[in-house]
$ cat input-v3.cif   # mmCIF, C-alpha atoms and all ligand atoms
data_my_file
#
loop_
_atom_site.group_PDB
_atom_site.id
_atom_site.type_symbol
_atom_site.label_atom_id
_atom_site.label_comp_id
_atom_site.auth_asym_id
_atom_site.auth_seq_id
_atom_site.Cartn_x
_atom_site.Cartn_y
_atom_site.Cartn_z
ATOM 1 C CA MET A 105 -55.822 4.204 107.167
ATOM 2 C CA ALA A 106 -57.217 1.160 108.968
ATOM 3 C CA ASP A 107 -54.997 -1.901 108.700
ATOM 4 C CA ARG A 108 -57.901 -4.360 108.741
ATOM 5 C CA PRO A 109 -61.665 -4.333 109.045
ATOM 6 C CA ARG A 110 -62.437 -3.033 112.515
ATOM 7 C CA PHE A 111 -65.563 -3.188 114.642
ATOM 8 C CA GLY A 112 -66.836 -1.262 117.617
ATOM 9 C CA PRO A 113 -69.830 0.474 119.214
ATOM 10 C CA ALA A 114 -71.301 3.970 118.793
ATOM 11 C CA GLY A 115 -70.837 5.133 122.368
ATOM 12 C CA VAL A 116 -70.223 3.383 125.668
ATOM 13 C CA PRO A 117 -72.124 0.055 125.881
ATOM 14 C CA PRO A 118 -74.718 -0.123 128.708
ATOM 15 C CA THR A 119 -72.921 -3.052 130.398
ATOM 16 C CA PHE A 120 -69.813 -0.869 130.760
ATOM 17 C CA HIS A 121 -71.934 1.743 132.537
ATOM 18 C CA MET A 122 -73.190 -0.978 134.887
ATOM 19 C CA LEU A 123 -69.567 -1.833 135.678
ATOM 20 C CA LYS A 124 -69.115 1.885 136.521
ATOM 21 C CA ALA A 125 -66.348 2.047 133.938
ATOM 22 C CA ARG A 126 -64.631 5.396 133.442
ATOM 23 C CA LEU A 127 -64.178 6.656 129.878
ATOM 24 C CA GLU A 128 -60.492 5.730 129.968
ATOM 25 C CA ASP A 129 -61.447 2.114 130.820
ATOM 26 C CA VAL A 130 -63.540 1.712 127.666
ATOM 27 C CA PRO A 131 -60.737 0.736 125.229
ATOM 28 C CA LYS A 132 -59.529 -2.089 127.488
ATOM 29 C CA LEU A 133 -63.080 -3.384 127.990
ATOM 30 C CA LEU A 134 -63.670 -3.338 124.223
ATOM 31 C CA ARG A 135 -60.432 -5.150 123.630
ATOM 32 C CA ASN A 136 -61.507 -7.797 126.142
ATOM 33 C CA GLU A 137 -64.547 -8.347 123.925
ATOM 34 C CA GLY A 138 -62.313 -8.627 120.865
ATOM 35 C CA LEU A 139 -63.453 -5.269 119.457
ATOM 36 C CA ASP A 140 -61.068 -2.691 118.025
ATOM 37 C CA ALA A 141 -62.973 0.538 117.281
ATOM 38 C CA PHE A 142 -64.944 3.074 119.324
ATOM 39 C CA GLU A 143 -67.000 6.098 118.305
ATOM 40 C CA TYR A 144 -67.101 8.643 121.104
ATOM 41 C CA GLN A 145 -70.470 10.442 121.226
ATOM 42 C CA ALA A 146 -70.184 14.219 121.361
ATOM 43 C CA VAL A 147 -73.738 14.561 120.105
ATOM 44 C CA ARG A 148 -74.972 17.191 122.592
ATOM 45 C CA TRP A 149 -71.996 19.521 122.330
ATOM 46 C CA GLY A 150 -72.207 23.248 121.688
ATOM 47 C CA ALA A 151 -69.568 25.744 120.607
ATOM 48 C CA LYS A 152 -66.831 24.397 122.918
ATOM 49 C CA PRO A 153 -65.524 20.897 123.622
ATOM 50 C CA GLN A 154 -67.524 19.522 126.544
ATOM 51 C CA MET A 155 -64.708 17.392 127.867
ATOM 52 C CA LYS A 156 -61.372 18.315 129.369
ATOM 53 C CA ARG A 157 -58.322 18.051 127.177
ATOM 54 C CA GLY A 158 -56.680 15.738 129.736
ATOM 55 C CA GLU A 159 -59.629 13.348 129.645
ATOM 56 C CA ALA A 160 -59.580 13.244 125.843
ATOM 57 C CA GLU A 161 -55.849 12.638 125.771
ATOM 58 C CA LYS A 162 -56.142 9.845 128.315
ATOM 59 C CA LEU A 163 -58.808 8.157 126.193
ATOM 60 C CA GLY A 164 -56.496 8.480 123.186
ATOM 61 C CA LEU A 165 -53.598 6.967 125.083
ATOM 62 C CA LYS A 166 -55.655 4.014 126.309
ATOM 63 C CA ALA A 167 -57.075 3.477 122.834
ATOM 64 C CA ALA A 168 -53.562 3.336 121.379
ATOM 65 C CA GLU A 169 -52.406 0.934 124.116
ATOM 66 C CA ASN A 170 -55.317 -1.371 123.400
ATOM 67 C CA ASP A 171 -55.250 -0.982 119.614
ATOM 68 C CA VAL A 172 -58.711 0.590 119.462
ATOM 69 C CA TRP A 173 -59.459 2.881 116.489
ATOM 70 C CA LEU A 174 -61.157 6.106 117.618
ATOM 71 C CA SER A 175 -63.680 8.320 115.890
ATOM 72 C CA LEU A 176 -65.963 10.994 117.299
ATOM 73 C CA HIS A 177 -69.623 11.554 116.471
ATOM 74 C CA GLY A 178 -70.143 15.302 116.339
ATOM 75 C CA SER A 179 -72.999 17.412 117.637
ATOM 76 C CA TYR A 180 -76.582 16.872 116.460
ATOM 77 C CA PHE A 181 -76.920 20.673 116.671
ATOM 78 C CA ILE A 182 -74.909 21.145 113.504
ATOM 79 C CA ASN A 183 -76.981 22.381 110.541
ATOM 80 C CA PHE A 184 -75.226 23.703 107.467
ATOM 81 C CA CYS A 185 -78.526 24.179 105.647
ATOM 82 C CA GLY A 186 -80.018 26.978 107.754
ATOM 83 C CA GLY A 187 -79.606 30.762 107.751
ATOM 84 C CA LYS A 188 -76.302 32.597 108.183
ATOM 85 C CA GLU A 189 -76.347 32.557 111.990
ATOM 86 C CA VAL A 190 -77.180 28.869 112.124
ATOM 87 C CA ILE A 191 -74.351 28.090 109.708
ATOM 88 C CA GLU A 192 -71.848 30.187 111.708
ATOM 89 C CA ALA A 193 -72.818 28.438 114.969
ATOM 90 C CA SER A 194 -72.622 25.067 113.203
ATOM 91 C CA LYS A 195 -69.084 25.791 112.032
ATOM 92 C CA GLN A 196 -68.043 26.522 115.632
ATOM 93 C CA ARG A 197 -69.682 23.302 116.835
ATOM 94 C CA LEU A 198 -67.971 21.186 114.203
ATOM 95 C CA ILE A 199 -64.610 22.844 114.943
ATOM 96 C CA ALA A 200 -65.112 22.170 118.695
ATOM 97 C CA CYS A 201 -65.773 18.498 117.931
ATOM 98 C CA ALA A 202 -62.744 18.301 115.631
ATOM 99 C CA THR A 203 -60.588 19.919 118.325
ATOM 100 C CA ALA A 204 -61.506 17.228 120.852
ATOM 101 C CA ALA A 205 -61.068 14.577 118.161
ATOM 102 C CA GLU A 206 -57.530 15.856 117.614
ATOM 103 C CA TRP A 207 -56.851 15.704 121.387
ATOM 104 C CA MET A 208 -57.855 12.035 121.500
ATOM 105 C CA LYS A 209 -56.156 11.311 118.168
ATOM 106 C CA ALA A 210 -59.471 10.201 116.677
ATOM 107 C CA HIS A 211 -59.361 9.664 112.919
ATOM 108 C CA THR A 212 -62.739 11.073 111.900
ATOM 109 C CA VAL A 213 -65.295 13.556 113.174
ATOM 110 C CA VAL A 214 -68.665 12.310 111.935
ATOM 111 C CA PHE A 215 -71.576 14.741 111.568
ATOM 112 C CA HIS A 216 -75.041 15.162 110.090
ATOM 113 C CA PRO A 217 -74.948 18.049 107.576
ATOM 114 C CA GLY A 218 -78.491 19.330 108.233
ATOM 115 C CA PHE A 219 -82.102 19.630 107.060
ATOM 116 C CA TYR A 220 -83.234 21.046 103.714
ATOM 117 C CA GLY A 221 -86.091 23.057 105.196
ATOM 118 C CA LYS A 222 -87.743 25.245 102.538
ATOM 119 C CA THR A 223 -84.513 26.115 100.745
ATOM 120 C CA PRO A 224 -84.046 24.686 97.217
ATOM 121 C CA ARG A 225 -81.700 21.664 97.249
ATOM 122 C CA THR A 226 -79.074 23.125 94.953
ATOM 123 C CA GLU A 227 -78.794 26.182 97.188
ATOM 124 C CA VAL A 228 -78.554 23.975 100.279
ATOM 125 C CA PHE A 229 -75.702 22.096 98.644
ATOM 126 C CA LYS A 230 -73.877 25.310 97.768
ATOM 127 C CA ASN A 231 -74.196 26.685 101.322
ATOM 128 C CA CYS A 232 -73.085 23.431 102.862
ATOM 129 C CA LEU A 233 -70.099 23.153 100.514
ATOM 130 C CA GLU A 234 -69.016 26.699 101.268
ATOM 131 C CA ALA A 235 -69.318 26.207 105.032
ATOM 132 C CA LEU A 236 -67.346 22.969 104.957
ATOM 133 C CA LYS A 237 -64.581 24.569 102.920
ATOM 134 C CA GLU A 238 -64.343 27.243 105.614
ATOM 135 C CA VAL A 239 -64.252 24.619 108.352
ATOM 136 C CA ALA A 240 -61.441 22.806 106.510
ATOM 137 C CA GLU A 241 -59.538 26.104 106.290
ATOM 138 C CA SER A 242 -60.051 26.771 110.004
ATOM 139 C CA LEU A 243 -58.821 23.295 110.928
ATOM 140 C CA LYS A 244 -55.717 23.888 108.852
ATOM 141 C CA ALA A 245 -55.115 27.212 110.607
ATOM 142 C CA LEU A 246 -55.574 25.525 113.995
ATOM 143 C CA GLY A 247 -53.075 22.822 113.080
ATOM 144 C CA ILE A 248 -55.726 20.082 113.130
ATOM 145 C CA ARG A 249 -54.484 17.969 110.261
ATOM 146 C CA ASN A 250 -55.080 14.374 111.280
ATOM 147 C CA VAL A 251 -58.832 14.438 111.780
ATOM 148 C CA LYS A 252 -60.992 13.815 108.727
ATOM 149 C CA ILE A 253 -64.271 15.718 108.419
ATOM 150 C CA GLY A 254 -66.896 13.002 107.898
ATOM 151 C CA PRO A 255 -70.313 14.030 106.506
ATOM 152 C CA GLU A 256 -72.724 11.118 106.945
ATOM 153 C CA THR A 257 -75.315 9.680 104.541
ATOM 154 C CA MET A 258 -78.665 10.425 106.178
ATOM 155 C CA GLY A 259 -81.801 8.302 106.534
ATOM 156 C CA LYS A 260 -84.669 10.763 106.042
ATOM 157 C CA SER A 261 -85.747 12.481 102.852
ATOM 158 C CA SER A 262 -85.964 15.781 104.796
ATOM 159 C CA GLN A 263 -82.246 15.572 105.632
ATOM 160 C CA PHE A 264 -79.389 16.709 103.430
ATOM 161 C CA GLY A 265 -77.184 13.656 102.886
ATOM 162 C CA SER A 266 -77.980 11.407 99.937
ATOM 163 C CA LEU A 267 -74.998 9.324 98.805
ATOM 164 C CA GLU A 268 -74.669 11.646 95.807
ATOM 165 C CA GLU A 269 -74.591 14.773 98.005
ATOM 166 C CA ILE A 270 -72.075 13.315 100.449
ATOM 167 C CA LEU A 271 -69.729 12.144 97.679
ATOM 168 C CA SER A 272 -69.985 15.523 95.937
ATOM 169 C CA LEU A 273 -68.986 17.303 99.162
ATOM 170 C CA CYS A 274 -66.038 14.953 99.631
ATOM 171 C CA GLU A 275 -64.892 15.512 96.048
ATOM 172 C CA GLU A 276 -64.718 19.250 96.634
ATOM 173 C CA VAL A 277 -63.523 19.719 100.203
ATOM 174 C CA GLU A 278 -60.086 18.844 101.524
ATOM 175 C CA GLN A 279 -59.632 16.698 104.604
ATOM 176 C CA THR A 280 -63.007 14.982 104.208
ATOM 177 C CA GLN A 281 -64.086 11.363 104.195
ATOM 178 C CA PRO A 282 -67.590 10.037 103.467
ATOM 179 C CA VAL A 283 -69.306 8.285 106.364
ATOM 180 C CA ILE A 284 -71.426 5.529 104.895
ATOM 181 C CA ASP A 285 -74.369 4.757 107.136
ATOM 182 C CA TRP A 286 -75.779 1.657 105.458
ATOM 183 C CA ALA A 287 -79.024 1.693 107.452
ATOM 184 C CA HIS A 288 -79.587 5.302 106.410
ATOM 185 C CA LEU A 289 -78.995 4.499 102.720
ATOM 186 C CA HIS A 290 -81.421 1.589 103.019
ATOM 187 C CA ALA A 291 -84.112 3.650 104.781
ATOM 188 C CA ARG A 292 -83.766 6.737 102.603
ATOM 189 C CA GLU A 293 -84.062 4.752 99.391
ATOM 190 C CA ASN A 294 -87.056 2.695 100.483
ATOM 191 C CA GLY A 295 -85.168 -0.519 101.363
ATOM 192 C CA CYS A 296 -82.706 -0.458 98.465
ATOM 193 C CA LEU A 297 -80.160 -2.908 99.925
ATOM 194 C CA LYS A 298 -81.704 -6.291 99.144
ATOM 195 C CA THR A 299 -78.934 -8.266 97.426
ATOM 196 C CA VAL A 300 -75.137 -8.517 97.536
ATOM 197 C CA ASP A 301 -75.122 -6.710 94.221
ATOM 198 C CA ASP A 302 -76.915 -3.712 95.788
ATOM 199 C CA PHE A 303 -73.994 -3.357 98.231
ATOM 200 C CA ARG A 304 -71.474 -3.967 95.452
ATOM 201 C CA LYS A 305 -72.996 -1.132 93.417
ATOM 202 C CA ILE A 306 -72.620 1.373 96.275
ATOM 203 C CA VAL A 307 -68.998 0.344 96.827
ATOM 204 C CA GLY A 308 -68.435 0.731 93.066
ATOM 205 C CA ILE A 309 -69.943 4.232 93.054
ATOM 206 C CA ILE A 310 -67.741 5.369 95.963
ATOM 207 C CA GLU A 311 -64.657 3.952 94.266
ATOM 208 C CA ASN A 312 -65.495 5.659 90.959
ATOM 209 C CA ARG A 313 -66.027 9.018 92.614
ATOM 210 C CA LEU A 314 -63.346 9.106 95.313
ATOM 211 C CA GLY A 315 -60.877 6.397 94.345
ATOM 212 C CA THR A 316 -59.716 3.031 95.657
ATOM 213 C CA GLU A 317 -58.043 4.319 98.825
ATOM 214 C CA ALA A 318 -61.239 6.089 99.888
ATOM 215 C CA VAL A 319 -63.417 3.034 99.401
ATOM 216 C CA LYS A 320 -60.931 0.687 101.072
ATOM 217 C CA ASN A 321 -60.862 2.870 104.170
ATOM 218 C CA MET A 322 -64.566 3.566 104.448
ATOM 219 C CA HIS A 323 -65.919 4.705 107.785
ATOM 220 C CA CYS A 324 -69.290 2.976 108.205
ATOM 221 C CA HIS A 325 -72.262 2.811 110.512
ATOM 222 C CA PHE A 326 -74.359 -0.339 110.536
ATOM 223 C CA THR A 327 -77.609 -1.447 112.185
ATOM 224 C CA LYS A 328 -80.900 -2.918 111.059
ATOM 225 C CA VAL A 329 -83.504 -0.241 110.462
ATOM 226 C CA GLU A 330 -87.254 0.251 110.240
ATOM 227 C CA PHE A 331 -88.493 2.915 107.831
ATOM 228 C CA THR A 332 -91.580 4.599 106.422
ATOM 229 C CA GLU A 333 -92.024 6.506 103.146
ATOM 230 C CA LYS A 334 -90.264 9.431 104.875
ATOM 231 C CA GLY A 335 -87.242 7.301 105.643
ATOM 232 C CA GLU A 336 -85.644 6.089 108.867
ATOM 233 C CA LYS A 337 -87.981 5.318 111.783
ATOM 234 C CA CYS A 338 -85.930 3.316 114.318
ATOM 235 C CA HIS A 339 -82.996 0.940 114.725
ATOM 236 C CA HIS A 340 -83.309 -2.805 115.349
ATOM 237 C CA VAL A 341 -80.913 -5.514 116.530
ATOM 238 C CA LEU A 342 -79.223 -7.766 113.956
ATOM 239 C CA GLU A 343 -81.219 -10.759 115.163
ATOM 240 C CA GLU A 344 -84.508 -9.372 113.821
ATOM 241 C CA ALA A 345 -85.028 -11.105 110.499
ATOM 242 C CA ALA A 346 -87.930 -8.831 109.519
ATOM 243 C CA TYR A 347 -85.613 -5.836 108.984
ATOM 244 C CA GLY A 348 -82.670 -5.037 106.731
ATOM 245 C CA PRO A 349 -80.032 -4.432 105.666
ATOM 246 C CA ASP A 350 -78.297 -7.794 106.053
ATOM 247 C CA PHE A 351 -74.707 -7.462 107.247
ATOM 248 C CA SER A 352 -73.666 -10.815 105.717
ATOM 249 C CA MET A 353 -74.114 -9.222 102.274
ATOM 250 C CA LEU A 354 -71.775 -6.364 103.140
ATOM 251 C CA ALA A 355 -69.338 -8.920 104.610
ATOM 252 C CA LYS A 356 -69.252 -10.673 101.217
ATOM 253 C CA VAL A 357 -68.423 -7.403 99.474
ATOM 254 C CA ILE A 358 -65.743 -6.520 102.064
ATOM 255 C CA VAL A 359 -63.997 -9.821 101.302
ATOM 256 C CA GLU A 360 -64.504 -9.546 97.540
ATOM 257 C CA PHE A 361 -62.957 -6.045 97.331
ATOM 258 C CA ASP A 362 -60.448 -6.632 100.159
ATOM 259 C CA LEU A 363 -61.812 -3.589 102.029
ATOM 260 C CA LYS A 364 -60.548 -2.454 105.458
ATOM 261 C CA PRO A 365 -63.538 -0.494 106.733
ATOM 262 C CA VAL A 366 -64.240 0.694 110.236
ATOM 263 C CA ILE A 367 -67.727 -0.585 111.097
ATOM 264 C CA ILE A 368 -69.460 1.183 113.961
ATOM 265 C CA SER A 369 -72.480 -0.647 115.365
ATOM 266 C CA GLU A 370 -75.478 1.602 115.970
ATOM 267 C CA SER A 371 -77.712 -1.313 116.902
ATOM 268 C CA PRO A 372 -79.637 -1.113 120.198
ATOM 269 C CA MET A 373 -77.178 -3.846 121.286
ATOM 270 C CA LEU A 374 -74.113 -1.764 120.531
ATOM 271 C CA ASP A 375 -71.127 -3.961 121.363
ATOM 272 C CA LEU A 376 -72.929 -7.319 121.164
ATOM 273 C CA ASP A 377 -73.975 -6.682 117.567
ATOM 274 C CA ALA A 378 -70.493 -5.348 116.752
ATOM 275 C CA ILE A 379 -69.171 -8.746 117.921
ATOM 276 C CA LYS A 380 -71.790 -10.502 115.794
ATOM 277 C CA MET A 381 -70.773 -8.546 112.686
ATOM 278 C CA ARG A 382 -67.094 -9.230 113.364
ATOM 279 C CA ASP A 383 -67.874 -12.955 113.541
ATOM 280 C CA MET A 384 -69.969 -12.849 110.363
ATOM 281 C CA LEU A 385 -67.028 -11.306 108.521
ATOM 282 C CA LYS A 386 -64.620 -13.894 109.996
ATOM 283 C CA LYS A 387 -66.882 -16.637 108.717
ATOM 284 C CA GLN A 388 -66.972 -15.018 105.290
ATOM 285 C CA LEU A 389 -63.163 -14.714 105.208
ATOM 286 C CA LYS A 390 -62.861 -18.452 105.872
ATOM 287 C CA SER A 391 -65.344 -19.570 103.223
HETATM 288 ZN ZN ZN A 401 -74.876 9.774 112.772
#
$ encode --input "input-v3.cif" --output "structure tokens" --more "lines below"
Ligand SMILES: [Zn+2]
Amino acid sequence: MADRPRFGPAGVPPTFHMLKARLEDVPKLLRNEGLDAFEYQAVRWGAKPQMKRGEAEKLGLKAAENDVWLSLHGSYFINFCGGKEVIEASKQRLIACATAAEWMKAHTVVFHPGFYGKTPRTEVFKNCLEALKEVAESLKALGIRNVKIGPETMGKSSQFGSLEEILSLCEEVEQTQPVIDWAHLHARENGCLKTVDDFRKIVGIIENRLGTEAVKNMHCHFTKVEFTEKGEKCHHVLEEAAYGPDFSMLAKVIVEFDLKPVIISESPMLDLDAIKMRDMLKKQLKS
């Protein structure tokens, strides 16, 4: 459970790469920027962890030393909505990601559940639920108890992952936590986050379905987003007034409900926009 609202980037910021920073240097560099969360990107992984255990453990150690909250974004090659073989392979990929997450003592393994394809939605939900239950069982058997499985709300209408679907999965599967991608919600529902009350409603729905603890400790992604009638098109920096959603509205709701979310910036300016959001929340806390 996060002790306070925390902010950090999705992946290593480009300026850190320019400094030739090693992975283990990232927590200290984030701390120097006043950030306190980091989502490691394991998005191209297959059936086995594509990092050495020692490297993961070192990252975990440095994160703890610098008070940086870790999560891991799992493989894009996970799809729990396909045929049997696809689902089996996806289970292995998610387990590999959770294994590395456990090594680094990350709190959540985030993943995209999959695409509907031609399968009816109710069947897709059933398959996905079943697969996730099996993953949860496997994690238990492997002794991976501290990593939450985090299905993410998705931004395209072709993708499994409406708020309703994600909350339903989390209601039914142990060791899960919803990952609320606000840009995805906004894009999927045709720009639905326009007022503070729109954010308040979502927070209310999550609380009703999963309880106060779950909503207080939300794991979130945030960026501004451009969308079409099919949903998400591309991410934009916070500065761009033409696009939503507006983080200051979420900041208001965070203060109002005394939430302690982890907010991962997926803006093209990863860490710089994380800093901006942190400052917007600080301002809100003072007012
Ligand atoms: Zn994602």
$ axis_aligned_box --input "input-v3.cif" --around "segment 114-117 of chain A" --padding-each-side "5 Å" --output "JSON"
{"center_x": -71.2, "center_y": 2.6, "center_z": 122.3, "size_x": 11.9, "size_y": 15.1, "size_z": 17.1}
$ resolve_selection --input "input-v3.cif" --expression "the PyMOL selection byres (((chain A and resi 324) around 9) and not hetatm)" --output "PyMOL selection string"
chain A and resi 256+282-286+322-323+325-326+365-369
$ residues_near_point --input "input-v3.cif" --point "(-83.8, 10.3, 102.8)" --cutoff "7 Å" --atoms "all atoms listed in the file" --output "list in words"
Met258, Gly259, Lys260, Ser261, Ser262, Gln263, Ser266, Ala291, Arg292, Glu293, Lys334 and Gly335 of chain A
$ resolve_selection --input "input-v3.cif" --expression "the PyMOL selection byres (((chain A and resi 382) around 9) and not hetatm)" --output "list in words"
Pro109, Arg110, Phe111, Gly138, Leu139, Ile367, Asp377, Ala378, Ile379, Lys380, Met381, Asp383, Met384, Leu385, Lys386 and Lys387 of chain A
$ resolve_selection --input "input-v3.cif" --expression "the PyMOL selection byres (((not hetatm)) within 7 of (chain A and resi 401))" --output "PDB file with C-alpha atoms, in the coordinates of the input"
ATOM      1  CA  HIS A 177     -69.623  11.554 116.471  1.00  0.00           C
ATOM      2  CA  VAL A 214     -68.665  12.310 111.935  1.00  0.00           C
ATOM      3  CA  PHE A 215     -71.576  14.741 111.568  1.00  0.00           C
ATOM      4  CA  HIS A 216     -75.041  15.162 110.090  1.00  0.00           C
ATOM      5  CA  GLU A 256     -72.724  11.118 106.945  1.00  0.00           C
TER       6      GLU A 256
END
$ residues_near_point --input "input-v3.cif" --point "(-69.8, 5.1, 117.0)" --cutoff "9 Å" --atoms "only C-alpha atoms" --output "count of residues only"
21
$ atom_distance --input "input-v3.cif" --atom1 "atom CA of Asp302 of chain A" --atom2 "atom CA of Ala106 of chain A"
24.2 Å
$ residues_around --input "input-v3.cif" --residues "Val357 of chain A" --least-positions-apart "4" --cutoff "8 Å" --atoms "only C-alpha atoms" --output "number ranges by chain"
A: 300, 303-304, 353, 361
$ closest_residue --input "input-v3.cif" --among "A:Ala346, A:Lys162, A:Val341, A:Glu311" --to "Gly295 of chain A" --atoms "all atoms listed in the file"
A:Ala346
$ closest_residue --input "input-v3.cif" --among "A:Arg126, A:Lys222, A:Arg197, A:Arg108" --to "Arg148 of chain A" --atoms "all atoms listed in the file"
A:Arg197
$ residues_around --input "input-v3.cif" --residues "Asn250 of chain A" --least-positions-apart "6" --cutoff "12 Å" --atoms "all atoms listed in the file" --output "number ranges by chain"
A: 105, 175, 202-213, 240, 243-244, 278-281
$ closest_residue --input "input-v3.cif" --among "A:Asn294, A:Thr327, A:Thr332, A:Ser272" --to "Glu344 of chain A" --atoms "all atoms listed in the file"
A:Thr327
$ build_atoms --input "input-v3.cif" --residues "segment 308-315 of chain A" --atoms "all heavy atoms" --output "PDB file, in the frame of the given file"
ATOM      1  N   GLY A 308     -68.929   0.341  94.390  1.00  0.00           N
ATOM      2  CA  GLY A 308     -68.435   0.731  93.066  1.00  0.00           C
ATOM      3  C   GLY A 308     -68.573   2.236  92.833  1.00  0.00           C
ATOM      4  O   GLY A 308     -67.658   2.882  92.312  1.00  0.00           O
ATOM      5  N   ILE A 309     -69.701   2.794  93.236  1.00  0.00           N
ATOM      6  CA  ILE A 309     -69.943   4.232  93.054  1.00  0.00           C
ATOM      7  C   ILE A 309     -68.915   5.040  93.859  1.00  0.00           C
ATOM      8  O   ILE A 309     -68.312   5.989  93.354  1.00  0.00           O
ATOM      9  CB  ILE A 309     -71.382   4.621  93.493  1.00  0.00           C
ATOM     10  CG1 ILE A 309     -72.409   4.013  92.536  1.00  0.00           C
ATOM     11  CG2 ILE A 309     -71.554   6.140  93.558  1.00  0.00           C
ATOM     12  CD1 ILE A 309     -73.862   4.155  93.004  1.00  0.00           C
ATOM     13  N   ILE A 310     -68.689   4.636  95.112  1.00  0.00           N
ATOM     14  CA  ILE A 310     -67.741   5.369  95.963  1.00  0.00           C
ATOM     15  C   ILE A 310     -66.337   5.295  95.345  1.00  0.00           C
ATOM     16  O   ILE A 310     -65.618   6.296  95.279  1.00  0.00           O
ATOM     17  CB  ILE A 310     -67.732   4.817  97.406  1.00  0.00           C
ATOM     18  CG1 ILE A 310     -69.130   4.908  98.023  1.00  0.00           C
ATOM     19  CG2 ILE A 310     -66.710   5.552  98.280  1.00  0.00           C
ATOM     20  CD1 ILE A 310     -69.303   4.123  99.309  1.00  0.00           C
ATOM     21  N   GLU A 311     -65.986   4.111  94.863  1.00  0.00           N
ATOM     22  CA  GLU A 311     -64.657   3.952  94.266  1.00  0.00           C
ATOM     23  C   GLU A 311     -64.506   4.827  93.017  1.00  0.00           C
ATOM     24  O   GLU A 311     -63.489   5.501  92.843  1.00  0.00           O
ATOM     25  CB  GLU A 311     -64.386   2.484  93.919  1.00  0.00           C
ATOM     26  CG  GLU A 311     -62.980   2.287  93.360  1.00  0.00           C
ATOM     27  CD  GLU A 311     -62.577   0.831  93.251  1.00  0.00           C
ATOM     28  OE1 GLU A 311     -63.464  -0.025  93.128  1.00  0.00           O
ATOM     29  OE2 GLU A 311     -61.364   0.562  93.292  1.00  0.00           O
ATOM     30  N   ASN A 312     -65.537   4.836  92.169  1.00  0.00           N
ATOM     31  CA  ASN A 312     -65.495   5.659  90.959  1.00  0.00           C
ATOM     32  C   ASN A 312     -65.314   7.134  91.266  1.00  0.00           C
ATOM     33  O   ASN A 312     -64.603   7.850  90.567  1.00  0.00           O
ATOM     34  CB  ASN A 312     -66.797   5.511  90.167  1.00  0.00           C
ATOM     35  CG  ASN A 312     -66.723   4.305  89.256  1.00  0.00           C
ATOM     36  OD1 ASN A 312     -65.631   3.850  88.919  1.00  0.00           O
ATOM     37  ND2 ASN A 312     -67.866   3.775  88.883  1.00  0.00           N
ATOM     38  N   ARG A 313     -66.023   7.582  92.309  1.00  0.00           N
ATOM     39  CA  ARG A 313     -66.027   9.018  92.614  1.00  0.00           C
ATOM     40  C   ARG A 313     -64.801   9.450  93.400  1.00  0.00           C
ATOM     41  O   ARG A 313     -64.246  10.516  93.159  1.00  0.00           O
ATOM     42  CB  ARG A 313     -67.298   9.381  93.395  1.00  0.00           C
ATOM     43  CG  ARG A 313     -68.589   9.099  92.635  1.00  0.00           C
ATOM     44  CD  ARG A 313     -68.880  10.170  91.605  1.00  0.00           C
ATOM     45  NE  ARG A 313     -69.115  11.458  92.213  1.00  0.00           N
ATOM     46  CZ  ARG A 313     -70.293  11.920  92.606  1.00  0.00           C
ATOM     47  NH1 ARG A 313     -71.375  11.191  92.412  1.00  0.00           N
ATOM     48  NH2 ARG A 313     -70.403  13.105  93.151  1.00  0.00           N
ATOM     49  N   LEU A 314     -64.396   8.639  94.381  1.00  0.00           N
ATOM     50  CA  LEU A 314     -63.346   9.106  95.313  1.00  0.00           C
ATOM     51  C   LEU A 314     -62.062   8.284  95.258  1.00  0.00           C
ATOM     52  O   LEU A 314     -61.076   8.639  95.914  1.00  0.00           O
ATOM     53  CB  LEU A 314     -63.884   9.116  96.752  1.00  0.00           C
ATOM     54  CG  LEU A 314     -65.085  10.036  97.009  1.00  0.00           C
ATOM     55  CD1 LEU A 314     -65.586   9.855  98.441  1.00  0.00           C
ATOM     56  CD2 LEU A 314     -64.748  11.498  96.757  1.00  0.00           C
ATOM     57  N   GLY A 315     -62.092   7.190  94.501  1.00  0.00           N
ATOM     58  CA  GLY A 315     -60.877   6.397  94.345  1.00  0.00           C
ATOM     59  C   GLY A 315     -60.815   5.187  95.269  1.00  0.00           C
ATOM     60  O   GLY A 315     -61.605   5.036  96.192  1.00  0.00           O
TER      61      GLY A 315
END
